[in-house]
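First comes the structure, then the notes that go with it.
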Amino acid sequence: MLFNSLHYLIFAPVVILVYFLVPSRFQKFWLLLTSLYFYAVFRVPFILLLIYSIGITYFCTLWMDKSESRFGKLFFLNIAIFGNLGLLYFFKYLDFSFSVWNTILGLVPCEPYYAYPSGILLPMGISFFTLQAIAYAVDVYHKKVKRAESLFQFGLFLSFFPQLVAGPIIRAQDMLHQFLDTYTFKKENLLPGIRQLAWGLFKKTFVADPIAAVIDPVFADPLHYGWFSLAVTGSLYIIQMYCDFSGYSDVAIGTGRIMGFHIPINFRQPFLSQTVSEFWRRWHISFSSWLKEYVYIFLGGNKKGISRTYLNLFLTTFVSGIWHGADWNFVVWGFVHASLMVIERFAFSFEKVKTYWDKIPSFIKVVYPFSIFGISMYFFRARPVEGIGNSVQVGWAMVSRMFSGVEGDFLTVPFSVLTTVFILMFGDYLMEKETPWAKKLFENRVWVYGISGILISICFILYSVTVSAPFLYFQF
């Protein structure tokens, strides 16, 4: 089920209302039932994959906890890890493996060993709930979190509908215990929940979708546009991606908050970052934290020498590129960011460089990561275009054309889009600064409920007469 749909704007209030009306002993059952329904709306058979992940992870951690030998604990841990990774590989990376095989051997269709795509559909949310399950298993093994008291509790933790399809990727220590508590309606949860939900719908419906309508023609036919239009397209796409993904997270966090659940923040004003490294710490925080904890530290972190630290940093960031998509353009995108992370780490290891950087005004420094990220997003967004080539060739064509200064069609950006982008940036700035008057503004019940009600009502009307584009991270 899409958050940006009439279905959800009816579904969520009904779920929340019934949740608070039924006896406490039925609350969690109602949440699990509605979460499975929420996922089944996409494709009913995919529920079996979610149930598989819940089952294998729960029982492996159960047997791990009961095992008295280190070998036994590791054995069941590995089954849980590779059981989930295997699921992710089969549905997300199998066809890409065939592509790698064909590319390495230089095979073309009709040749004896050419591997044809399987055509397997990518289940919604599989990139998220498998990582969440793996994190839980590892944390139980290291005794960072107490094992779930029941299969029901863990099943609800992994399938909780607000964050099931596109995160945030929740750590067990942050959320698992919340499914043991009993919740009643509290006014202090309604205000921040409605505010967060409305802000998320604003990002998606009033910023991300209108930007998509402006820049999609450029990505479909980039050779007809001039360098300046391509530069504007890159800047707009990174804003679209931010509003689309953080908008989903905001709706998830807001929905959960209304019911009394506290889902960790997933974005923290990334456009105010002054380095690429800081950008990643503010962007998709739950995934960046997951990578640090379960990849970077697993590889040795910074405890095995400078060279190994750089290698671990490179590999961790490179993995993030592969996670986002199974295609060569994501390999390139991951390589670019991995290289930048290492270069920054190396450069700032020199005190003179760090001192010089600190003297540069902040409003200038924020341009650097925004520009770098925007340029790299040409590869992230690129898809094969007839007359240019595959996704990597399209991405490279856009980058080289932008820096060539060549003229072409001019991209017209409607004033309404510029206005909503300004509102977005100003709103994020106020939230980041947390000045007393801004805090008072966001806690004003009349103002928050009024604006939120208007936004949600407009979205309700829009979704009833048109179909909003799916969230971008659904395809990852």
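How things are named: the first chain in the structure tokens is A, the next is B, and so on; residues count from 1 in each chain; ligands count from 1 in the order shown.
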Where does region 141-197 of chain A meet region 7-10 of chain A within 12 Å, residue by residue, with the nearest atom pair and distance in Å to one decimal for each, counting only C-alpha atoms, listed by chain and rising number, as a tab-separated table?
```
residue	atom	partner	partner_atom	distance
A:Phe161	CA	A:Tyr8	CA	11.1
A:Pro162	CA	A:Tyr8	CA	10.6
A:Leu197	CA	A:Leu9	CA	10.9
```
Per residue of region 123-171 of chain A within 7 Å of region 31-36 of chain A, note the shortest atom pair and the distance in Å to one decimal, counting only C-alpha atoms, and order the rows by chain and increasing residue number, as JSON lines.
```
{"residue": "A:Leu156", "atom": "CA", "partner": "A:Leu32", "partner_atom": "CA", "distance": 5.5}
{"residue": "A:Ser159", "atom": "CA", "partner": "A:Ser35", "partner_atom": "CA", "distance": 6.1}
{"residue": "A:Phe160", "atom": "CA", "partner": "A:Ser35", "partner_atom": "CA", "distance": 5.7}
{"residue": "A:Phe161", "atom": "CA", "partner": "A:Ser35", "partner_atom": "CA", "distance": 4.5}
```
Distance query region 273-275 of chain A at most 12 Å, only C-alpha atoms, self and fewer than 3 positions along chain excluded, as JSON, numbers by chain
{"A": [267, 268, 269, 270, 278, 279, 280, 281, 282, 283, 337, 340, 341, 343, 344, 345, 347, 348, 354, 357, 358, 360, 361, 362, 363, 364, 365, 366, 367, 368, 369, 370, 371, 372, 373, 429, 432]}
Tell me which protein, DNA and RNA residues are within 9 Å of Gly200 (chain A), counting only C-alpha atoms, leaving out same-chain ones fewer than 2 positions away, and put them as a PyMOL selection string.
chain A and resi 195-198+202-205+243-244+246-252+254
Print the selection's residues with all heavy atoms to a file, as a short mmCIF file (atom, residue, chain, number, x, y, z; two decimals), in the first residue's frame.
```
data_model
loop_
_atom_site.label_atom_id
_atom_site.label_comp_id
_atom_site.auth_asym_id
_atom_site.auth_seq_id
_atom_site.Cartn_x
_atom_site.Cartn_y
_atom_site.Cartn_z
N ARG A 195 1.97 16.49 12.76
CA ARG A 195 2.91 17.43 12.15
C ARG A 195 3.92 16.70 11.26
O ARG A 195 4.17 17.11 10.13
CB ARG A 195 3.64 18.18 13.27
CG ARG A 195 4.63 19.23 12.77
CD ARG A 195 5.31 19.89 13.95
NE ARG A 195 6.09 18.93 14.73
CZ ARG A 195 6.33 19.03 16.03
NH1 ARG A 195 5.82 20.05 16.72
NH2 ARG A 195 7.06 18.14 16.66
N GLN A 196 4.47 15.60 11.76
CA GLN A 196 5.46 14.84 11.00
C GLN A 196 4.83 14.20 9.77
O GLN A 196 5.40 14.20 8.68
CB GLN A 196 6.07 13.75 11.88
CG GLN A 196 7.33 13.12 11.32
CD GLN A 196 8.58 13.75 11.86
OE1 GLN A 196 8.61 14.24 12.96
NE2 GLN A 196 9.65 13.75 11.06
N LEU A 197 3.63 13.65 9.93
CA LEU A 197 2.93 13.01 8.82
C LEU A 197 2.62 14.02 7.72
O LEU A 197 2.84 13.75 6.53
CB LEU A 197 1.65 12.35 9.34
CG LEU A 197 0.88 11.42 8.41
CD1 LEU A 197 0.12 10.38 9.23
CD2 LEU A 197 -0.10 12.19 7.53
N ALA A 198 2.11 15.18 8.11
CA ALA A 198 1.75 16.21 7.12
C ALA A 198 2.99 16.75 6.41
O ALA A 198 2.96 17.00 5.19
CB ALA A 198 1.00 17.35 7.82
N PHE A 202 3.72 16.62 2.45
CA PHE A 202 4.09 17.85 1.73
C PHE A 202 5.34 17.61 0.88
O PHE A 202 5.38 17.98 -0.30
CB PHE A 202 4.35 18.99 2.71
CG PHE A 202 4.97 20.20 2.08
CD1 PHE A 202 4.19 21.10 1.36
CD2 PHE A 202 6.34 20.45 2.19
CE1 PHE A 202 4.77 22.23 0.76
CE2 PHE A 202 6.92 21.55 1.60
CZ PHE A 202 6.13 22.45 0.88
N LYS A 203 6.33 16.98 1.47
CA LYS A 203 7.58 16.71 0.74
C LYS A 203 7.32 15.88 -0.52
O LYS A 203 7.84 16.18 -1.59
CB LYS A 203 8.56 15.97 1.64
CG LYS A 203 9.19 16.80 2.74
CD LYS A 203 10.13 15.94 3.57
CE LYS A 203 10.81 16.72 4.67
NZ LYS A 203 11.70 15.86 5.49
N LYS A 204 6.54 14.82 -0.35
CA LYS A 204 6.29 13.91 -1.48
C LYS A 204 5.38 14.52 -2.52
O LYS A 204 5.69 14.53 -3.72
CB LYS A 204 5.69 12.60 -0.94
CG LYS A 204 5.15 11.65 -2.01
CD LYS A 204 6.24 11.17 -2.96
CE LYS A 204 5.67 10.19 -3.97
NZ LYS A 204 6.66 9.86 -5.02
N THR A 205 4.22 15.03 -2.09
CA THR A 205 3.17 15.44 -3.02
C THR A 205 3.39 16.82 -3.61
O THR A 205 3.08 17.05 -4.79
CB THR A 205 1.80 15.41 -2.31
OG1 THR A 205 1.63 14.11 -1.71
CG2 THR A 205 0.67 15.67 -3.28
N CYS A 243 13.19 14.56 -0.76
CA CYS A 243 11.79 14.76 -0.37
C CYS A 243 11.01 13.46 -0.48
O CYS A 243 10.13 13.18 0.34
CB CYS A 243 11.16 15.84 -1.24
SG CYS A 243 11.76 17.49 -0.88
N ASP A 244 11.31 12.67 -1.49
CA ASP A 244 10.60 11.42 -1.70
C ASP A 244 10.89 10.44 -0.57
O ASP A 244 9.97 9.88 0.04
CB ASP A 244 11.03 10.81 -3.04
CG ASP A 244 10.04 9.78 -3.55
OD1 ASP A 244 10.07 8.64 -3.05
OD2 ASP A 244 9.25 10.12 -4.44
N SER A 246 12.73 10.96 2.47
CA SER A 246 12.51 11.48 3.82
C SER A 246 11.03 11.71 4.06
O SER A 246 10.55 11.62 5.20
CB SER A 246 13.29 12.77 4.04
OG SER A 246 12.75 13.84 3.29
N GLY A 247 10.28 11.99 2.97
CA GLY A 247 8.84 12.13 3.10
C GLY A 247 8.20 10.83 3.55
O GLY A 247 7.31 10.82 4.41
N TYR A 248 8.66 9.72 2.98
CA TYR A 248 8.16 8.41 3.41
C TYR A 248 8.49 8.18 4.88
O TYR A 248 7.63 7.74 5.67
CB TYR A 248 8.77 7.29 2.56
CG TYR A 248 8.21 5.92 2.89
CD1 TYR A 248 7.20 5.37 2.13
CD2 TYR A 248 8.68 5.20 3.99
CE1 TYR A 248 6.67 4.12 2.43
CE2 TYR A 248 8.14 3.96 4.31
CZ TYR A 248 7.14 3.43 3.53
OH TYR A 248 6.61 2.20 3.85
N SER A 249 9.73 8.47 5.26
CA SER A 249 10.15 8.28 6.65
C SER A 249 9.33 9.14 7.59
O SER A 249 8.96 8.69 8.69
CB SER A 249 11.64 8.61 6.80
OG SER A 249 12.45 7.73 6.04
N ASP A 250 9.02 10.36 7.18
CA ASP A 250 8.22 11.25 8.02
C ASP A 250 6.82 10.70 8.24
O ASP A 250 6.28 10.77 9.36
CB ASP A 250 8.14 12.65 7.39
CG ASP A 250 9.44 13.42 7.51
OD1 ASP A 250 10.20 13.12 8.44
OD2 ASP A 250 9.68 14.31 6.68
N VAL A 251 6.21 10.18 7.18
CA VAL A 251 4.87 9.60 7.31
C VAL A 251 4.92 8.37 8.23
O VAL A 251 4.04 8.18 9.08
CB VAL A 251 4.29 9.21 5.94
CG1 VAL A 251 2.94 8.51 6.11
CG2 VAL A 251 4.12 10.44 5.06
N ALA A 252 5.97 7.57 8.09
CA ALA A 252 6.13 6.39 8.94
C ALA A 252 6.30 6.79 10.40
O ALA A 252 5.63 6.25 11.30
CB ALA A 252 7.35 5.57 8.47
N GLY A 254 5.51 9.67 11.81
CA GLY A 254 4.32 10.34 12.30
C GLY A 254 3.19 9.37 12.61
O GLY A 254 2.52 9.51 13.65
#
```
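Residue nearest Asp181 (chain A), chosen from A:Met259, A:Ala213, A:Ala220, A:Ala133 and counting only C-alpha atoms: A:Met259.
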Write out as an MDAnalysis selection string the set of residues from region 165-235 of chain A that DSSP, computed on the backbone, places in alpha helix (DSSP H).
chainID A and resid 172:175 187:201 209:220 227:235
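Closest approach to Gly450 (chain A) among A:Ile194, A:Leu418, A:Leu48, A:Val399: A:Ile194, based on only C-alpha atoms.
Between CA of Leu87 (chain A) and CA of Phe42 (chain A) the interatomic distance comes to 18.1 Å.
If you measure from each of A:Leu191, A:Tyr449, A:Trp63, A:Phe91 to Gly325 (chain A) using only C-alpha atoms, the closest one turns out to be A:Phe91.
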Quick one: residues within 8 Å of region 292-298 of chain A, only C-alpha atoms counted, chain neighbours fewer than 5 positions away excluded, as a list of chain:residue names?
A:Ala135, A:Asn312, A:Leu313, A:Leu315, A:Thr316
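What separates CA of Val108 (chain A) from CA of Val331 (chain A) is a distance of 21.4 Å.
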Write out as a count of residues only which residues come within 7 Å of Gly334 (chain A) when counting only C-alpha atoms, dropping same-chain ones fewer than 6 positions away.
6
For region 214-216 of chain A: contacts at 10 Å, only C-alpha atoms, fewer than 4 positions along chain excluded, given as a PDB file with N, CA, C and O atoms, in the first residue's frame:
```
ATOM      1  N   ASP A 209       7.024  15.072  -6.342  1.00  0.00           N
ATOM      2  CA  ASP A 209       6.278  14.735  -7.562  1.00  0.00           C
ATOM      3  C   ASP A 209       6.306  15.848  -8.608  1.00  0.00           C
ATOM      4  O   ASP A 209       6.508  15.567  -9.801  1.00  0.00           O
ATOM      5  N   PRO A 210       6.116  17.127  -8.237  1.00  0.00           N
ATOM      6  CA  PRO A 210       6.223  18.190  -9.239  1.00  0.00           C
ATOM      7  C   PRO A 210       7.627  18.298  -9.846  1.00  0.00           C
ATOM      8  O   PRO A 210       7.766  18.590 -11.039  1.00  0.00           O
ATOM      9  N   ALA A 220      15.099  11.286 -19.868  1.00  0.00           N
ATOM     10  CA  ALA A 220      14.640  10.454 -20.977  1.00  0.00           C
ATOM     11  C   ALA A 220      15.335  10.807 -22.284  1.00  0.00           C
ATOM     12  O   ALA A 220      15.490   9.948 -23.161  1.00  0.00           O
ATOM     13  N   ASP A 221      15.800  12.058 -22.415  1.00  0.00           N
ATOM     14  CA  ASP A 221      16.447  12.499 -23.655  1.00  0.00           C
ATOM     15  C   ASP A 221      17.481  13.574 -23.340  1.00  0.00           C
ATOM     16  O   ASP A 221      17.334  14.741 -23.727  1.00  0.00           O
ATOM     17  N   PRO A 222      18.560  13.234 -22.618  1.00  0.00           N
ATOM     18  CA  PRO A 222      19.503  14.241 -22.109  1.00  0.00           C
ATOM     19  C   PRO A 222      20.281  14.979 -23.187  1.00  0.00           C
ATOM     20  O   PRO A 222      20.719  16.111 -22.948  1.00  0.00           O
ATOM     21  N   SER A 229      20.894  23.378 -18.140  1.00  0.00           N
ATOM     22  CA  SER A 229      19.682  22.604 -17.844  1.00  0.00           C
ATOM     23  C   SER A 229      20.037  21.298 -17.152  1.00  0.00           C
ATOM     24  O   SER A 229      19.328  20.850 -16.239  1.00  0.00           O
ATOM     25  N   LEU A 230      21.136  20.678 -17.567  1.00  0.00           N
ATOM     26  CA  LEU A 230      21.568  19.442 -16.928  1.00  0.00           C
ATOM     27  C   LEU A 230      22.023  19.701 -15.491  1.00  0.00           C
ATOM     28  O   LEU A 230      21.783  18.878 -14.593  1.00  0.00           O
ATOM     29  N   VAL A 232      20.922  22.091 -13.526  1.00  0.00           N
ATOM     30  CA  VAL A 232      19.700  22.320 -12.754  1.00  0.00           C
ATOM     31  C   VAL A 232      18.995  20.992 -12.485  1.00  0.00           C
ATOM     32  O   VAL A 232      18.483  20.752 -11.385  1.00  0.00           O
ATOM     33  N   THR A 233      19.000  20.111 -13.470  1.00  0.00           N
ATOM     34  CA  THR A 233      18.355  18.803 -13.323  1.00  0.00           C
ATOM     35  C   THR A 233      18.996  17.993 -12.201  1.00  0.00           C
ATOM     36  O   THR A 233      18.301  17.369 -11.388  1.00  0.00           O
ATOM     37  N   GLY A 234      20.343  18.007 -12.151  1.00  0.00           N
ATOM     38  CA  GLY A 234      21.035  17.287 -11.085  1.00  0.00           C
ATOM     39  C   GLY A 234      20.682  17.827  -9.713  1.00  0.00           C
ATOM     40  O   GLY A 234      20.461  17.062  -8.767  1.00  0.00           O
ATOM     41  N   LEU A 236      17.933  19.497  -8.877  1.00  0.00           N
ATOM     42  CA  LEU A 236      16.536  19.208  -8.582  1.00  0.00           C
ATOM     43  C   LEU A 236      16.325  17.733  -8.235  1.00  0.00           C
ATOM     44  O   LEU A 236      15.490  17.399  -7.392  1.00  0.00           O
ATOM     45  N   TYR A 237      17.092  16.856  -8.895  1.00  0.00           N
ATOM     46  CA  TYR A 237      16.883  15.427  -8.630  1.00  0.00           C
ATOM     47  C   TYR A 237      17.291  15.054  -7.213  1.00  0.00           C
ATOM     48  O   TYR A 237      16.630  14.228  -6.569  1.00  0.00           O
ATOM     49  N   GLN A 240      14.509  16.081  -5.127  1.00  0.00           N
ATOM     50  CA  GLN A 240      13.402  15.135  -5.300  1.00  0.00           C
ATOM     51  C   GLN A 240      13.647  13.859  -4.498  1.00  0.00           C
ATOM     52  O   GLN A 240      12.749  13.371  -3.803  1.00  0.00           O
ATOM     53  N   ARG A 381      20.362   7.911 -11.150  1.00  0.00           N
ATOM     54  CA  ARG A 381      19.053   7.999 -11.810  1.00  0.00           C
ATOM     55  C   ARG A 381      19.068   7.441 -13.229  1.00  0.00           C
ATOM     56  O   ARG A 381      18.015   7.093 -13.774  1.00  0.00           O
ATOM     57  N   LEU A 411      15.678  24.114 -19.789  1.00  0.00           N
ATOM     58  CA  LEU A 411      14.726  23.527 -18.850  1.00  0.00           C
ATOM     59  C   LEU A 411      13.969  24.633 -18.121  1.00  0.00           C
ATOM     60  O   LEU A 411      14.577  25.475 -17.463  1.00  0.00           O
ATOM     61  N   THR A 412      12.661  24.608 -18.229  1.00  0.00           N
ATOM     62  CA  THR A 412      11.825  25.600 -17.559  1.00  0.00           C
ATOM     63  C   THR A 412      11.310  25.021 -16.243  1.00  0.00           C
ATOM     64  O   THR A 412      10.657  23.974 -16.235  1.00  0.00           O
ATOM     65  N   VAL A 413      11.617  25.709 -15.162  1.00  0.00           N
ATOM     66  CA  VAL A 413      11.173  25.268 -13.840  1.00  0.00           C
ATOM     67  C   VAL A 413      10.036  26.179 -13.394  1.00  0.00           C
ATOM     68  O   VAL A 413      10.232  27.385 -13.226  1.00  0.00           O
ATOM     69  N   PRO A 414       8.842  25.641 -13.205  1.00  0.00           N
ATOM     70  CA  PRO A 414       7.689  26.476 -12.790  1.00  0.00           C
ATOM     71  C   PRO A 414       7.953  27.188 -11.471  1.00  0.00           C
ATOM     72  O   PRO A 414       8.658  26.679 -10.596  1.00  0.00           O
ATOM     73  N   VAL A 417       7.177  25.248  -8.278  1.00  0.00           N
ATOM     74  CA  VAL A 417       8.195  24.305  -7.801  1.00  0.00           C
ATOM     75  C   VAL A 417       9.252  25.039  -6.990  1.00  0.00           C
ATOM     76  O   VAL A 417       9.670  24.577  -5.921  1.00  0.00           O
TER      77      VAL A 417
END
```
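For the choices A:Phe3, A:Phe46, A:Phe59, A:Tyr225, the atom-to-atom distance to Leu121 (chain A) is smallest for A:Phe46 when using only C-alpha atoms.
Between CA of Tyr183 (chain A) and CA of Lys28 (chain A) lies a distance of 10.1 Å.
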